[in-house]
$ cat start.csv   # CSV, C-alpha atoms
chain,number,residue,atom,x,y,z
A,224,MET,CA,-7.3,-57.5,-80.9
A,225,ARG,CA,-6.4,-54.2,-79.5
A,226,GLU,CA,-8.9,-51.7,-78.4
A,227,THR,CA,-9.6,-48.7,-80.5
A,228,GLY,CA,-9.1,-46.2,-77.7
A,229,PRO,CA,-5.8,-44.8,-76.4
A,230,THR,CA,-4.2,-46.3,-73.3
A,231,ARG,CA,-2.7,-44.7,-70.2
A,232,SER,CA,-0.6,-47.3,-68.5
A,233,GLN,CA,2.4,-46.8,-66.2
A,234,SER,CA,4.9,-47.1,-69.0
A,235,ASP,CA,2.9,-44.6,-71.1
A,236,LEU,CA,3.2,-42.2,-68.2
A,237,ALA,CA,6.9,-42.7,-67.9
A,238,GLU,CA,7.4,-41.8,-71.5
A,239,MET,CA,5.2,-38.7,-70.9
A,240,LEU,CA,7.3,-37.5,-68.0
A,241,GLU,CA,10.3,-36.8,-70.2
A,242,LEU,CA,8.2,-34.4,-72.2
A,243,LEU,CA,7.8,-32.1,-69.2
A,244,LEU,CA,11.5,-31.3,-69.3
A,245,ASP,CA,11.4,-30.5,-72.9
A,246,LYS,CA,7.9,-29.4,-73.9
A,247,GLY,CA,5.1,-27.4,-72.6
A,248,VAL,CA,4.4,-23.7,-72.5
A,249,VAL,CA,7.6,-21.7,-72.4
A,250,ILE,CA,7.9,-18.2,-71.1
A,251,ASN,CA,10.0,-16.0,-73.3
A,252,ALA,CA,13.2,-15.6,-71.3
A,253,ASP,CA,14.4,-12.6,-73.2
A,254,ILE,CA,11.4,-10.6,-72.3
A,255,VAL,CA,11.7,-11.9,-68.7
A,256,VAL,CA,15.1,-10.5,-68.4
A,257,THR,CA,14.1,-7.1,-69.8
A,258,VAL,CA,11.1,-6.9,-67.5
A,259,GLY,CA,13.4,-7.9,-64.6
A,260,GLU,CA,10.6,-9.1,-62.4
A,261,THR,CA,10.2,-12.5,-63.7
A,262,GLU,CA,12.7,-15.2,-64.5
A,263,LEU,CA,12.5,-18.5,-66.2
A,264,LEU,CA,14.4,-21.0,-64.1
A,265,GLY,CA,15.2,-24.6,-63.9
A,266,VAL,CA,17.5,-25.0,-66.9
A,267,LYS,CA,20.2,-26.4,-64.8
A,268,LEU,CA,18.0,-29.1,-63.5
A,269,ARG,CA,17.4,-30.4,-67.0
A,270,ALA,CA,21.0,-30.4,-67.8
A,271,ALA,CA,21.7,-32.3,-64.6
A,272,ILE,CA,19.1,-34.9,-65.5
A,273,ALA,CA,20.3,-35.3,-69.0
A,274,SER,CA,23.8,-35.8,-67.7
A,275,PHE,CA,23.0,-38.8,-65.6
A,276,GLU,CA,22.6,-41.2,-68.4
A,277,THR,CA,23.8,-40.0,-71.7
A,278,ALA,CA,24.2,-36.4,-72.6
A,279,ALA,CA,27.8,-35.7,-71.5
A,280,GLN,CA,29.1,-39.0,-72.9
A,281,TYR,CA,27.6,-38.3,-76.3
A,282,GLY,CA,28.6,-34.7,-76.4
A,283,LEU,CA,25.1,-33.4,-76.7
A,284,GLU,CA,24.7,-29.7,-76.5
A,285,PHE,CA,23.6,-28.2,-73.3
A,286,PRO,CA,21.5,-25.1,-72.9
A,287,GLU,CA,23.4,-21.9,-72.6
A,288,GLY,CA,24.3,-21.2,-69.0
A,289,THR,CA,24.6,-24.8,-68.0
A,290,ASP,CA,27.0,-25.5,-65.2
A,291,MET,CA,29.3,-27.9,-67.1
A,292,GLU,CA,31.4,-28.7,-64.1
A,293,ARG,CA,28.4,-30.0,-62.3
A,294,VAL,CA,27.1,-31.9,-65.4
A,295,ASN,CA,30.4,-33.7,-65.7
A,296,GLU,CA,30.5,-34.5,-62.1
A,297,ALA,CA,27.0,-35.9,-62.2
A,298,ALA,CA,27.7,-37.9,-65.3
A,299,GLY,CA,30.8,-39.3,-63.8
A,300,VAL,CA,32.9,-38.2,-66.8
A,301,GLU,CA,35.9,-36.0,-66.6
A,302,GLU,CA,36.7,-34.1,-69.7
A,303,LEU,CA,35.3,-34.4,-73.2
A,304,ALA,CA,37.9,-34.9,-75.9
A,305,GLU,CA,37.6,-31.5,-77.4
A,306,THR,CA,38.3,-29.7,-74.2
A,307,GLU,CA,41.7,-31.4,-73.9
A,308,THR,CA,43.1,-29.2,-76.6
A,309,VAL,CA,42.4,-26.0,-74.6
A,310,PRO,CA,45.6,-24.2,-74.0
A,311,VAL,CA,46.4,-24.1,-70.4
A,312,GLU,CA,49.1,-22.1,-68.6
A,313,ALA,CA,51.3,-25.1,-68.3
A,314,SER,CA,54.1,-23.8,-66.1
A,315,SER,CA,54.6,-26.5,-63.5
A,316,ASP,CA,56.2,-29.9,-64.1
A,317,ASP,CA,53.2,-32.0,-63.1
A,318,SER,CA,50.9,-30.4,-65.7
A,319,GLU,CA,52.3,-32.7,-68.4
A,320,GLU,CA,51.7,-35.7,-66.2
A,321,GLU,CA,48.1,-34.5,-65.7
A,322,SER,CA,47.5,-34.5,-69.4
A,323,THR,CA,48.7,-38.0,-69.9
A,324,ASP,CA,48.5,-41.0,-67.7
A,325,SER,CA,46.8,-39.5,-64.6
A,326,GLU,CA,43.9,-38.6,-66.8
A,327,GLU,CA,41.8,-41.6,-65.8
A,328,ASP,CA,42.5,-41.6,-62.1
A,329,ALA,CA,42.7,-37.9,-61.6
A,330,ASP,CA,41.5,-37.1,-58.1
A,331,GLU,CA,38.7,-34.7,-57.5
A,332,THR,CA,40.9,-31.6,-57.1
A,333,GLU,CA,42.4,-32.2,-60.5
A,334,ALA,CA,39.1,-32.8,-62.1
A,335,GLU,CA,37.8,-29.6,-60.6
A,336,GLU,CA,40.8,-27.7,-61.8
A,337,GLU,CA,40.3,-28.9,-65.3
A,338,ALA,CA,36.7,-28.0,-65.3
A,339,THR,CA,37.5,-24.5,-64.1
A,340,GLN,CA,40.0,-24.1,-66.9
A,341,THR,CA,37.6,-25.3,-69.4
A,342,ALA,CA,35.0,-22.9,-68.2
A,343,GLU,CA,37.4,-20.1,-68.5
A,344,ALA,CA,38.4,-21.1,-72.0
A,345,GLU,CA,34.8,-21.3,-73.0
A,346,ASN,CA,34.2,-17.8,-71.8
A,347,ASP,CA,37.2,-16.6,-73.8
A,348,GLY,CA,35.7,-18.2,-76.9
A,349,ASP,CA,32.5,-16.3,-76.5
B,222,MET,CA,29.9,-19.8,-66.4
B,223,THR,CA,30.0,-18.8,-62.8
B,224,GLU,CA,27.7,-20.6,-60.3
B,225,GLN,CA,24.6,-18.6,-60.4
B,226,VAL,CA,21.9,-19.6,-57.8
B,227,GLU,CA,18.7,-17.8,-58.6
B,228,GLU,CA,17.4,-16.4,-55.4
B,229,PHE,CA,13.9,-15.1,-54.8
B,230,GLU,CA,11.8,-15.0,-51.7
B,231,VAL,CA,8.4,-15.1,-53.3
B,232,GLY,CA,7.7,-17.1,-56.4
B,233,ARG,CA,4.8,-19.0,-58.0
B,234,TYR,CA,5.4,-22.3,-59.6
B,235,LEU,CA,3.2,-22.6,-62.7
B,236,TYR,CA,1.5,-25.8,-63.6
B,237,CYS,CA,-0.9,-24.7,-66.3
B,238,VAL,CA,-3.4,-22.1,-67.4
B,239,VAL,CA,-7.0,-23.1,-67.7
B,240,ALA,CA,-10.3,-21.5,-68.7
B,241,VAL,CA,-12.3,-21.1,-65.5
B,242,GLY,CA,-15.2,-19.2,-67.1
B,243,GLU,CA,-16.7,-15.9,-66.1
B,244,ASN,CA,-18.5,-17.1,-63.1
B,245,GLY,CA,-16.0,-19.7,-62.0
B,246,SER,CA,-14.5,-19.5,-58.6
B,247,ASP,CA,-10.9,-20.3,-57.9
B,248,ASP,CA,-11.4,-22.2,-54.7
B,249,SER,CA,-13.2,-25.2,-56.2
B,250,PHE,CA,-9.8,-26.9,-56.9
B,251,SER,CA,-7.7,-28.3,-54.2
B,252,MET,CA,-4.9,-30.7,-54.2
B,253,SER,CA,-1.3,-30.9,-53.1
B,254,GLY,CA,1.5,-30.3,-55.5
B,255,ILE,CA,5.3,-30.7,-55.5
B,256,ASP,CA,6.7,-31.5,-52.0
B,257,GLY,CA,3.1,-31.5,-50.7
B,258,GLU,CA,2.6,-27.8,-51.1
B,259,PRO,CA,-1.0,-26.7,-51.6
B,260,VAL,CA,-2.0,-26.0,-55.2
B,261,THR,CA,-4.4,-23.1,-56.0
B,262,VAL,CA,-6.0,-21.5,-59.0
B,263,LEU,CA,-5.5,-17.8,-59.4
B,264,THR,CA,-8.2,-16.4,-61.6
B,265,GLU,CA,-8.4,-13.2,-63.5
B,266,ASN,CA,-11.2,-12.5,-65.9
B,267,GLY,CA,-12.1,-16.1,-66.4
B,268,VAL,CA,-8.5,-17.3,-67.0
B,269,GLY,CA,-7.0,-19.3,-64.2
B,270,ALA,CA,-3.3,-20.1,-63.4
B,271,VAL,CA,-2.8,-23.3,-61.5
B,272,VAL,CA,0.1,-22.5,-59.1
B,273,GLN,CA,1.8,-23.2,-55.9
B,274,GLU,CA,4.1,-21.1,-53.7
B,275,CYS,CA,7.8,-21.7,-54.0
B,276,GLU,CA,11.0,-20.0,-52.9
B,277,SER,CA,13.5,-21.5,-55.2
B,278,PRO,CA,13.6,-23.6,-58.4
B,279,TYR,CA,13.2,-27.3,-58.0
B,280,ASP,CA,16.6,-28.6,-58.5
B,281,THR,CA,18.3,-31.8,-57.4
B,282,ASP,CA,20.8,-34.4,-58.5
B,283,ASP,CA,18.6,-37.3,-57.3
B,284,LEU,CA,16.8,-38.9,-60.2
B,285,GLU,CA,14.1,-40.4,-58.1
B,286,THR,CA,13.2,-37.0,-56.7
B,287,VAL,CA,13.0,-35.6,-60.2
B,288,ARG,CA,10.7,-38.5,-61.2
B,289,ASP,CA,8.5,-37.7,-58.2
B,290,TRP,CA,8.3,-34.0,-59.1
B,291,LEU,CA,7.5,-34.8,-62.7
B,292,LEU,CA,4.8,-37.2,-61.7
B,293,THR,CA,3.3,-34.6,-59.4
B,294,HIS,CA,3.4,-32.0,-62.1
B,295,GLN,CA,1.6,-34.3,-64.4
B,296,GLU,CA,-1.0,-35.2,-61.8
B,297,VAL,CA,-1.8,-31.6,-61.1
B,298,VAL,CA,-2.0,-30.7,-64.8
B,299,ASP,CA,-4.2,-33.8,-65.4
B,300,THR,CA,-6.6,-33.0,-62.6
B,301,ALA,CA,-6.8,-29.4,-63.8
B,302,GLY,CA,-7.6,-30.7,-67.2
B,303,GLN,CA,-10.4,-32.9,-65.9
B,304,THR,CA,-11.8,-30.0,-64.0
B,305,PHE,CA,-11.5,-27.2,-66.5
B,306,GLY,CA,-11.0,-28.8,-69.9
B,307,THR,CA,-7.8,-28.8,-71.9
B,308,PRO,CA,-5.1,-26.9,-70.1
B,309,LEU,CA,-2.1,-25.0,-71.4
B,310,PRO,CA,0.6,-27.1,-69.7
B,311,PHE,CA,3.8,-25.4,-68.6
B,312,ARG,CA,7.2,-26.9,-68.9
B,313,PHE,CA,8.4,-28.3,-65.7
B,314,ASP,CA,10.1,-25.8,-63.3
B,315,THR,CA,8.6,-22.7,-64.8
B,316,ILE,CA,8.4,-20.1,-62.1
B,317,LEU,CA,7.1,-16.6,-61.9
B,318,LYS,CA,9.0,-14.5,-59.5
B,319,GLY,CA,6.5,-12.6,-57.3
B,320,ASP,CA,3.3,-13.2,-55.4
B,321,ASP,CA,-0.3,-14.1,-56.4
B,322,GLU,CA,-0.9,-10.5,-57.4
B,323,ARG,CA,2.0,-10.7,-59.8
B,324,VAL,CA,0.5,-13.8,-61.4
B,325,ARG,CA,-2.9,-12.1,-61.8
B,326,THR,CA,-1.2,-9.1,-63.4
B,327,TRP,CA,0.5,-11.5,-65.8
B,328,ILE,CA,-2.8,-13.1,-66.7
B,329,ALA,CA,-4.3,-9.7,-67.3
B,330,ASP,CA,-1.4,-8.6,-69.4
B,331,GLN,CA,-1.6,-11.8,-71.5
B,332,GLN,CA,-5.4,-12.1,-71.4
B,333,ASP,CA,-6.0,-12.1,-75.2
B,334,THR,CA,-3.1,-14.5,-76.0
B,335,LEU,CA,-4.1,-16.9,-73.2
B,336,GLU,CA,-7.8,-16.8,-74.2
B,337,SER,CA,-7.1,-17.4,-77.8
B,338,HIS,CA,-4.8,-20.4,-77.1
B,339,LEU,CA,-7.3,-21.8,-74.6
B,340,ALA,CA,-10.0,-21.5,-77.2
B,341,GLU,CA,-7.9,-23.1,-79.9
B,342,PHE,CA,-7.0,-26.1,-77.7
B,343,GLU,CA,-10.5,-26.6,-76.3
B,344,GLY,CA,-11.5,-30.2,-76.6
B,345,HIS,CA,-8.1,-31.1,-78.2
B,346,TRP,CA,-5.5,-33.3,-76.6
B,347,GLU,CA,-2.1,-34.7,-77.4
B,348,TYR,CA,-2.0,-38.3,-78.4
B,349,ARG,CA,1.1,-40.4,-79.1
B,350,VAL,CA,1.5,-43.4,-81.3
B,351,GLY,CA,4.5,-45.8,-81.3
B,352,VAL,CA,5.0,-48.6,-83.8
B,353,ALA,CA,7.2,-51.5,-83.1
B,354,TRP,CA,7.9,-54.3,-85.5
B,355,ASP,CA,9.4,-57.8,-85.3
B,356,GLU,CA,13.0,-57.2,-86.4
B,357,GLU,CA,13.5,-60.8,-87.5
B,358,ARG,CA,10.4,-60.9,-89.5
B,359,VAL,CA,11.3,-57.6,-91.2
B,360,ARG,CA,14.7,-59.0,-92.1
B,361,ASP,CA,13.1,-62.2,-93.6
B,362,GLU,CA,10.6,-60.1,-95.5
B,363,LEU,CA,13.2,-57.8,-96.9
B,364,GLU,CA,15.3,-60.7,-97.9
B,365,SER,CA,12.5,-62.3,-99.8
B,366,GLU,CA,11.5,-59.0,-101.4
B,367,ASP,CA,14.9,-57.6,-102.4
B,368,GLU,CA,16.8,-59.4,-105.1
B,369,GLU,CA,20.1,-57.7,-104.2
B,370,LEU,CA,19.8,-58.8,-100.6
B,371,ALA,CA,18.9,-62.4,-101.6
B,372,ASP,CA,21.8,-62.5,-104.0
B,373,LEU,CA,24.2,-61.3,-101.3
B,374,ARG,CA,22.9,-63.9,-98.9
B,375,GLU,CA,23.5,-66.6,-101.4
B,376,ARG,CA,27.0,-65.5,-102.2
B,377,ILE,CA,27.9,-65.2,-98.6
B,378,ASP,CA,26.9,-68.8,-98.0
B,379,ASP,CA,29.0,-69.9,-100.9
B,380,SER,CA,32.1,-67.9,-100.1
B,381,GLU,CA,35.3,-68.4,-98.2
B,382,GLU,CA,35.6,-66.6,-94.9
B,383,GLY,CA,37.4,-63.5,-96.2
B,384,THR,CA,35.1,-62.8,-99.1
B,385,ALA,CA,32.1,-63.7,-96.9
B,386,PHE,CA,33.2,-61.0,-94.4
B,387,LEU,CA,33.2,-58.3,-97.1
B,388,LEU,CA,29.9,-59.5,-98.5
B,389,GLU,CA,28.4,-59.4,-95.0
B,390,LYS,CA,29.3,-55.8,-94.8
B,391,GLN,CA,27.5,-55.1,-98.1
B,392,TYR,CA,24.6,-57.1,-96.8
B,393,ASP,CA,24.4,-55.0,-93.6
B,394,THR,CA,24.5,-51.7,-95.6
B,395,ARG,CA,21.8,-52.9,-97.9
B,396,ILE,CA,19.6,-54.1,-95.2
B,397,ARG,CA,20.1,-50.9,-93.2
B,398,ASP,CA,19.0,-48.8,-96.3
B,399,LEU,CA,16.0,-51.0,-96.9
B,400,ARG,CA,15.0,-50.9,-93.2
B,401,GLN,CA,15.3,-47.1,-93.3
B,402,ALA,CA,13.1,-47.0,-96.4
B,403,ARG,CA,10.5,-49.2,-94.7
B,404,LYS,CA,10.5,-47.0,-91.7
B,405,GLU,CA,10.0,-43.9,-93.8
B,406,SER,CA,7.1,-45.5,-95.6
B,407,LEU,CA,5.5,-46.5,-92.3
B,408,THR,CA,5.9,-42.9,-91.1
B,409,ASN,CA,4.3,-41.7,-94.3
B,410,ARG,CA,1.5,-44.1,-94.0
B,411,LEU,CA,0.8,-42.9,-90.5
B,412,ARG,CA,1.0,-39.3,-91.5
B,413,GLU,CA,-1.4,-39.8,-94.5
B,414,SER,CA,-3.9,-41.8,-92.4
B,415,LEU,CA,-3.8,-39.4,-89.5
B,416,GLU,CA,-3.7,-36.1,-91.1
B,417,PRO,CA,-7.4,-36.0,-92.0
B,418,LEU,CA,-8.2,-36.8,-88.4
B,419,VAL,CA,-5.8,-34.6,-86.5
B,420,ARG,CA,-4.9,-30.9,-86.3
B,421,GLU,CA,-1.2,-31.1,-85.8
B,422,PHE,CA,1.2,-33.9,-86.4
B,423,ASP,CA,4.8,-34.4,-85.3
B,424,VAL,CA,7.3,-37.1,-85.9
B,425,LEU,CA,9.4,-37.7,-82.7
B,426,ASP,CA,13.0,-38.7,-82.4
B,427,SER,CA,12.6,-42.1,-80.8
B,428,ASN,CA,16.1,-42.2,-79.3
B,429,SER,CA,16.0,-39.1,-77.2
B,430,GLY,CA,15.1,-40.4,-73.8
B,431,VAL,CA,17.0,-38.9,-70.8
B,432,LEU,CA,15.3,-40.4,-67.8
B,433,GLY,CA,16.6,-44.0,-68.3
B,434,ASP,CA,14.4,-47.1,-68.8
B,435,GLY,CA,16.4,-47.9,-71.9
B,436,ALA,CA,15.6,-47.0,-75.5
B,437,SER,CA,12.2,-48.0,-76.8
B,438,ASP,CA,12.0,-50.7,-79.4
B,439,GLU,CA,9.5,-48.6,-81.3
B,440,VAL,CA,10.8,-47.7,-84.8
B,441,VAL,CA,8.4,-44.8,-85.3
B,442,GLN,CA,7.0,-42.5,-82.8
B,443,VAL,CA,4.6,-39.7,-83.5
B,444,ALA,CA,2.6,-37.2,-81.5
B,445,PHE,CA,-0.4,-35.4,-82.7
B,446,LEU,CA,-3.1,-32.9,-81.5
B,447,ALA,CA,-6.6,-34.2,-82.1
B,448,HIS,CA,-10.1,-33.5,-80.9
B,449,GLU,CA,-11.2,-35.9,-78.2
B,450,GLU,CA,-14.2,-37.0,-80.4
B,451,ARG,CA,-11.8,-38.4,-82.9
B,452,GLU,CA,-10.2,-40.9,-80.5
B,453,THR,CA,-12.3,-43.8,-81.8
B,454,ASP,CA,-11.7,-43.0,-85.5
B,455,ILE,CA,-8.0,-42.7,-84.9
B,456,GLY,CA,-8.0,-46.0,-82.9
B,457,GLU,CA,-9.8,-47.8,-85.7
B,458,MET,CA,-7.3,-46.4,-88.3
B,459,LEU,CA,-4.5,-47.6,-86.1
B,460,ASP,CA,-6.1,-51.0,-85.8
B,461,ASP,CA,-5.6,-51.3,-89.6
B,462,ILE,CA,-1.9,-50.7,-89.2
B,463,ALA,CA,-1.7,-53.0,-86.2
B,464,ALA,CA,-3.3,-55.7,-88.3
B,465,ASP,CA,-0.1,-56.1,-90.4
B,466,PRO,CA,1.7,-59.2,-89.2
B,467,GLY,CA,4.6,-58.5,-86.9
B,468,VAL,CA,3.5,-54.9,-86.2
B,469,GLU,CA,2.6,-53.6,-82.8
B,470,VAL,CA,1.0,-50.2,-82.2
B,471,ARG,CA,0.9,-48.4,-79.0
B,472,PHE,CA,-1.7,-45.5,-78.8
B,473,THR,CA,-1.6,-43.3,-75.7
B,474,GLY,CA,-3.5,-40.3,-74.5
B,475,PRO,CA,-5.3,-38.1,-74.0
B,476,TRP,CA,-2.4,-36.0,-72.7
B,477,PRO,CA,-2.2,-32.3,-72.0
B,478,PRO,CA,-0.9,-30.7,-75.3
B,479,TYR,CA,2.8,-30.5,-74.1
B,480,SER,CA,4.3,-30.9,-77.6
B,481,PHE,CA,2.1,-28.3,-79.1
B,482,ALA,CA,2.2,-25.7,-76.4
B,483,PRO,CA,2.9,-22.1,-77.3
B,484,GLU,CA,5.6,-19.8,-76.2
B,485,LEU,CA,4.3,-16.9,-74.1
B,486,GLU,CA,5.7,-13.6,-72.9
B,487,ALA,CA,6.1,-12.7,-69.3

$ encode --input "start.csv" --output "structure tokens"
Amino acid sequence: MRETGPTRSQSDLAEMLELLLDKGVVINADIVVTVGETELLGVKLRAAIASFETAAQYGLEFPEGTDMERVNEAAGVEELAETETVPVEASSDDSEEESTDSEEDADETEAEEEATQTAEAENDGD
Amino acid sequence: MTEQVEEFEVGRYLYCVVAVGENGSDDSFSMSGIDGEPVTVLTENGVGAVVQECESPYDTDDLETVRDWLLTHQEVVDTAGQTFGTPLPFRFDTILKGDDERVRTWIADQQDTLESHLAEFEGHWEYRVGVAWDEERVRDELESEDEELADLRERIDDSEEGTAFLLEKQYDTRIRDLRQARKESLTNRLRESLEPLVREFDVLDSNSGVLGDGASDEVVQVAFLAHEERETDIGEMLDDIAADPGVEVRFTGPWPPYSFAPELEA
């Protein structure tokens, strides 16, 4: 028979910790910006954590202002499918190559380039 | 988005807000917080903010470090709760830019709001319940309860490979629907039994973990806000549910009311 009271074991605590990233008192960031003296910080951290395991692969939405380049880097993924359709100034010969077979073994420079282009494209969209 | 490193020289990391009381002093609380920094309680008109100094947000790519920080955050909020009663726990990495005086001014500005939230939460904590069931048993039970399922099973056994394959698909769909219905009825049963005993009730998405450790095998997870005096009643009610064969119930708490915390203004 189980006891009638609640437990607090190690595994219970582990589950609880995730809450701290997601729940708890929130300070209204809009007001913070208006006031200008206070800021709500730490959004990036959450995105970075989320990225480690799952978020980027499953295409979850990140909070506004998330550094997607870093998220992708941390998650070990390159580009998400939808970003591949972003029109890029493809003037050089090797741009075609990039978009095809070198996708998987793209070196860091290429990955960074792609991420930058994506970021720009996203800004245009906004 | 351009790289934007928030910089500030003086900041206060917020753990929680507590009711210290009119005559309470703020030096009765001492422990170390994140990265071993001293934690203090800044009090204004009986409302205390549990804080530590910081110069930048806590930010890292190292998961272990994050776990340590979160654990420390939880420990500080827990200790504050034991000392002062139910705290208003802040989300991890909430920082007020400015010094102790800035925090006191903030408390003074938000006095009414903070007091009313503290009063509302007094004696109440968050509890969480997860229910797991024996999948094999559930499958057997569904098969014995549902004619359509039993019929499909029979036809599969009597069919050639190709037909059997298609029937298997139908079987899978049917069992998924039945399993979902069973899950919903379990959720409703929890809700109906708990609602008289709790103040707020929330069904959680059980597949939302980001810190690893693998997905839980619990089919239903709920969080609720309840008065600490109801713990035993709630436990007994959960015993009833746990008494069902093949069902396991995990009841945890009391936690600071993270899931039911308000949004505040700065």

$ atom_distance --input "start.csv" --atom1 "atom CA of Ser253 of chain B" --atom2 "atom CA of Gly319 of chain B"
20.3 Å

$ interface_residues --input "start.csv" --of "chain B" --to "chain A" --cutoff "8 Å" --atoms "all atoms listed in the file" --output "VMD selection string"
chain B and resid 222 to 224 227 278 to 282 284 288 291 to 292 295 309 to 319 348 430 to 433 452 to 457 459 to 460 471 to 475 478 to 487

$ atom_distance --input "start.csv" --atom1 "atom CA of Glu265 of chain B" --atom2 "atom CA of Ala329 of chain B"
6.6 Å

$ residues_around --input "start.csv" --residues "Glu439 of chain B" --least-positions-apart "5" --cutoff "8 Å" --atoms "only C-alpha atoms" --output "PyMOL selection string"
chain B and resi 351-354+427

$ residues_around --input "start.csv" --residues "Leu363 of chain B" --least-positions-apart "6" --cutoff "10 Å" --atoms "all atoms listed in the file" --output "list of chain:residue names"
B:Glu357, B:Leu370, B:Ala371, B:Arg395, B:Ile396, B:Leu399, B:Arg400, B:Arg403

$ atom_distance --input "start.csv" --atom1 "atom CA of Gln332 of chain B" --atom2 "atom CA of Ala270 of chain B"
11.5 Å

$ build_atoms --input "start.csv" --residues "segment 443-457 of chain B" --atoms "N, CA and C atoms" --output "mmCIF file, in the coordinates of the input"
data_model
loop_
_atom_site.group_PDB
_atom_site.id
_atom_site.type_symbol
_atom_site.label_atom_id
_atom_site.label_comp_id
_atom_site.auth_asym_id
_atom_site.auth_seq_id
_atom_site.Cartn_x
_atom_site.Cartn_y
_atom_site.Cartn_z
ATOM 1 N N VAL B 443 5.155 -40.948 -83.113
ATOM 2 C CA VAL B 443 4.600 -39.700 -83.500
ATOM 3 C C VAL B 443 3.699 -39.126 -82.425
ATOM 4 N N ALA B 444 3.566 -37.809 -82.429
ATOM 5 C CA ALA B 444 2.600 -37.200 -81.500
ATOM 6 C C ALA B 444 1.700 -36.326 -82.362
ATOM 7 N N PHE B 445 0.453 -36.229 -81.935
ATOM 8 C CA PHE B 445 -0.400 -35.400 -82.700
ATOM 9 C C PHE B 445 -1.475 -34.742 -81.757
ATOM 10 N N LEU B 446 -2.030 -33.650 -82.235
ATOM 11 C CA LEU B 446 -3.100 -32.900 -81.500
ATOM 12 C C LEU B 446 -4.385 -33.238 -82.196
ATOM 13 N N ALA B 447 -5.319 -33.789 -81.424
ATOM 14 C CA ALA B 447 -6.600 -34.200 -82.100
ATOM 15 C C ALA B 447 -7.749 -33.865 -81.116
ATOM 16 N N HIS B 448 -8.919 -33.695 -81.693
ATOM 17 C CA HIS B 448 -10.100 -33.500 -80.900
ATOM 18 C C HIS B 448 -10.470 -34.810 -80.210
ATOM 19 N N GLU B 449 -10.932 -34.716 -78.959
ATOM 20 C CA GLU B 449 -11.200 -35.900 -78.200
ATOM 21 C C GLU B 449 -12.276 -36.807 -78.892
ATOM 22 N N GLU B 450 -13.117 -36.190 -79.684
ATOM 23 C CA GLU B 450 -14.200 -37.000 -80.400
ATOM 24 C C GLU B 450 -13.618 -37.851 -81.486
ATOM 25 N N ARG B 451 -12.366 -37.588 -81.854
ATOM 26 C CA ARG B 451 -11.800 -38.400 -82.900
ATOM 27 C C ARG B 451 -11.038 -39.626 -82.440
ATOM 28 N N GLU B 452 -10.968 -39.774 -81.114
ATOM 29 C CA GLU B 452 -10.200 -40.900 -80.500
ATOM 30 C C GLU B 452 -10.550 -42.243 -81.169
ATOM 31 N N THR B 453 -11.834 -42.515 -81.280
ATOM 32 C CA THR B 453 -12.300 -43.800 -81.800
ATOM 33 C C THR B 453 -11.863 -43.997 -83.254
ATOM 34 N N ASP B 454 -12.098 -42.951 -84.052
ATOM 35 C CA ASP B 454 -11.700 -43.000 -85.500
ATOM 36 C C ASP B 454 -10.236 -43.296 -85.620
ATOM 37 N N ILE B 455 -9.471 -42.566 -84.811
ATOM 38 C CA ILE B 455 -8.000 -42.700 -84.900
ATOM 39 C C ILE B 455 -7.642 -44.144 -84.451
ATOM 40 N N GLY B 456 -8.275 -44.621 -83.381
ATOM 41 C CA GLY B 456 -8.000 -46.000 -82.900
ATOM 42 C C GLY B 456 -8.300 -47.014 -83.977
ATOM 43 N N GLU B 457 -9.398 -46.834 -84.678
ATOM 44 C CA GLU B 457 -9.800 -47.800 -85.700
ATOM 45 C C GLU B 457 -8.764 -47.779 -86.885
#
